[in-house]
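This report concerns only the one structure given below.
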Amino acid sequence: MAASKFKIALVQLFVTANKSENLARASKLISQAAGGGANLVALPECFNSPYGTKYFPEYAEKIPGESTNMLAKAAKDNKVFLVGGSIPEEDGGKLYNTSTVFNPEGELIAKFRKVHLFDIDVPGKIRFQESETLSPGSGLVTFDTPYCKVGLAICYDIRFPELAQIYTRRGCKLLLYPGAFNMTTGPAHWELLQRGRALDNQLYVGTISPARDEKASYVAWGHSTLVNPWGEVVAKAGHEEEIVYSDVDLSYVDEVRSSIPTSNQRRADIYKLQDMSQN
């Protein structure tokens with residue numbers, strides 16, 4: 001039988017312009033998280049490079065490559081499931097924002113490319129266009145653990161509730177979003193979106209941000225968070241580098257879904273959600 005509870009660690013990493021330093025720092029914190037009892041460890045978006053369109057081509061790698069080789073070794077050495085945040089990936093002349101997942105044997109078990117690119121323009125506050133250098137992914141990704149099925153997406157993808165709904169239909173009880181919200185959207189929407197996705201789908205939602213660097217060209221909000229199926233924040237970082245630990249209680253997912261059985265109350269005669277990737 002699957003365990004009804006496991007421990008997750010969200011690693012809010014301080015990312016610099018030195019890739020080797022970022023990888024070494026991430027490896028050290030993964031070991032620290034495993035030593036703290038974590039069964040599943042997750043890193044932030046762009047954990048190996050600064051976040052920015054001018055950086056993506058410079059730091060991009062093939063998969064497997066330097067960064068994913070480190071992740072595979074760290075997962076195996078520490079015997080944990082490891083969600084490698086994301087890195088800029090180069091494949092076939094295109095760049096992607098890509099997350100990889102490794103099992104405790106160090107095997108690559110999932111790869112997700114960010115589906116919705118972060119193209120926004122908030123007048124007087126922030127303009128950012130990932131599509132200037134990145135291409136979007138074209139599929140959704142889940143992975144299995146001895147505890148539960150997990151759905152994976154990246155940052156801006158959290159704004160699209162259909163992804164979370166599809167992952168829930170596929171049997172997920174935990175969704176993970178490595179992300180780097182900024183100082184405009186972070187305080188306004190970061191926690192709100194997480195709580196919304198968790199409450200609507202009655203599951204756990206974890207977000208993993210880089211630590212805040214006030215000197216960076218793109219300043220991350222931080223505040224990596226875990227939200228439970230009732231929509232409550234159960235663990236939350238500040239803005240500095242730290243590891244956030246929390247138990248994920250799968251029996252509580254079942255309890256909430258049984259108490260308020262929205263999954264069985266949808267009006268399929270009036271509306272429906274179609275998972276095009278499984279057609």
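Identifiers in this document derive from the order of the structure tokens: chains are assigned A, B, ..., residues are numbered from 1 separately in each chain, and ligands are numbered from 1 in order of occurrence.
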I want to know what sits within 10 Å of A:Pro161, based on only C-alpha atoms, with residues of the same chain fewer than 3 positions away left out; could you give that as a PDB file with N, CA and C atoms, in the first residue's frame?
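Output below, filename selection19.pdb:
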```
ATOM      1  N   ASP A 157       2.283  28.946 -16.042  1.00  0.00           N
ATOM      2  CA  ASP A 157       1.270  27.903 -16.266  1.00  0.00           C
ATOM      3  C   ASP A 157       0.224  27.861 -15.162  1.00  0.00           C
ATOM      4  N   ILE A 158       0.558  28.350 -13.970  1.00  0.00           N
ATOM      5  CA  ILE A 158      -0.371  28.294 -12.852  1.00  0.00           C
ATOM      6  C   ILE A 158      -1.591  29.188 -13.090  1.00  0.00           C
ATOM      7  N   ALA A 164      -4.460  22.417 -14.241  1.00  0.00           N
ATOM      8  CA  ALA A 164      -4.649  21.809 -12.928  1.00  0.00           C
ATOM      9  C   ALA A 164      -5.851  20.869 -12.930  1.00  0.00           C
ATOM     10  N   GLN A 165      -6.910  21.247 -13.640  1.00  0.00           N
ATOM     11  CA  GLN A 165      -8.092  20.393 -13.710  1.00  0.00           C
ATOM     12  C   GLN A 165      -7.782  19.084 -14.425  1.00  0.00           C
ATOM     13  N   ILE A 166      -7.019  19.171 -15.502  1.00  0.00           N
ATOM     14  CA  ILE A 166      -6.661  17.959 -16.239  1.00  0.00           C
ATOM     15  C   ILE A 166      -5.776  17.057 -15.378  1.00  0.00           C
ATOM     16  N   LEU A 193      -3.136  32.586  -6.502  1.00  0.00           N
ATOM     17  CA  LEU A 193      -3.238  31.563  -7.533  1.00  0.00           C
ATOM     18  C   LEU A 193      -3.017  30.168  -6.974  1.00  0.00           C
ATOM     19  N   GLY A 196      -6.048  29.140  -5.056  1.00  0.00           N
ATOM     20  CA  GLY A 196      -7.142  28.864  -5.976  1.00  0.00           C
ATOM     21  C   GLY A 196      -7.023  27.501  -6.629  1.00  0.00           C
ATOM     22  N   ARG A 197      -5.814  27.176  -7.120  1.00  0.00           N
ATOM     23  CA  ARG A 197      -5.618  25.877  -7.773  1.00  0.00           C
ATOM     24  C   ARG A 197      -5.809  24.742  -6.772  1.00  0.00           C
ATOM     25  N   ASP A 200      -9.765  24.637  -5.778  1.00  0.00           N
ATOM     26  CA  ASP A 200     -10.620  24.182  -6.876  1.00  0.00           C
ATOM     27  C   ASP A 200     -10.489  22.691  -7.126  1.00  0.00           C
ATOM     28  N   ASN A 201      -9.267  22.176  -6.961  1.00  0.00           N
ATOM     29  CA  ASN A 201      -8.994  20.788  -7.316  1.00  0.00           C
ATOM     30  C   ASN A 201      -8.818  19.875  -6.112  1.00  0.00           C
TER      31      ASN A 201
END
```
task: Assign secondary structure with DSSP using the backbone only, and return the residues of stretch 131-249 of chain A in strand (DSSP E or B) as a PyMOL selection string.
output: chain A and resi 141-144+149-152+172-178+182+204-208+220+225-227+233-236+242-249
With only C-alpha atoms counted and 9 Å as the cut-off, give the residues of stretch 207-276 of chain A in contact with stretch 23-36 of chain A, each with its shortest interatomic distance in Å and the pair that gives it, as a Markdown table.
```
| residue | atom | partner | partner_atom | distance |
| --- | --- | --- | --- | --- |
| A:Glu242 | CA | A:Leu29 | CA | 8.8 |
| A:Ile243 | CA | A:Ala33 | CA | 6.9 |
| A:Val244 | CA | A:Ala33 | CA | 8.7 |
| A:Tyr245 | CA | A:Ala33 | CA | 8.1 |
```
task: Check the smallest atom-to-atom distance from each of A:Lys79, A:Arg212, A:Lys7, A:Lys94 to A:Pro44 using only C-alpha atoms, then report the winner.
output: A:Arg212
task: Find the residue from A:Phe14, A:Phe112, A:Phe56, A:Phe118 that sits nearest to A:Glu214; use only C-alpha atoms when measuring.
output: A:Phe14
task: Counting only C-alpha atoms, figure out which residue out of A:Ile260, A:Leu40, A:Val115, A:Ala216 gets nearest to A:Arg159.
output: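 Going through A:Ile260, A:Leu40, A:Val115, A:Ala216 one by one, the smallest distance to A:Arg159 is for A:Val115.
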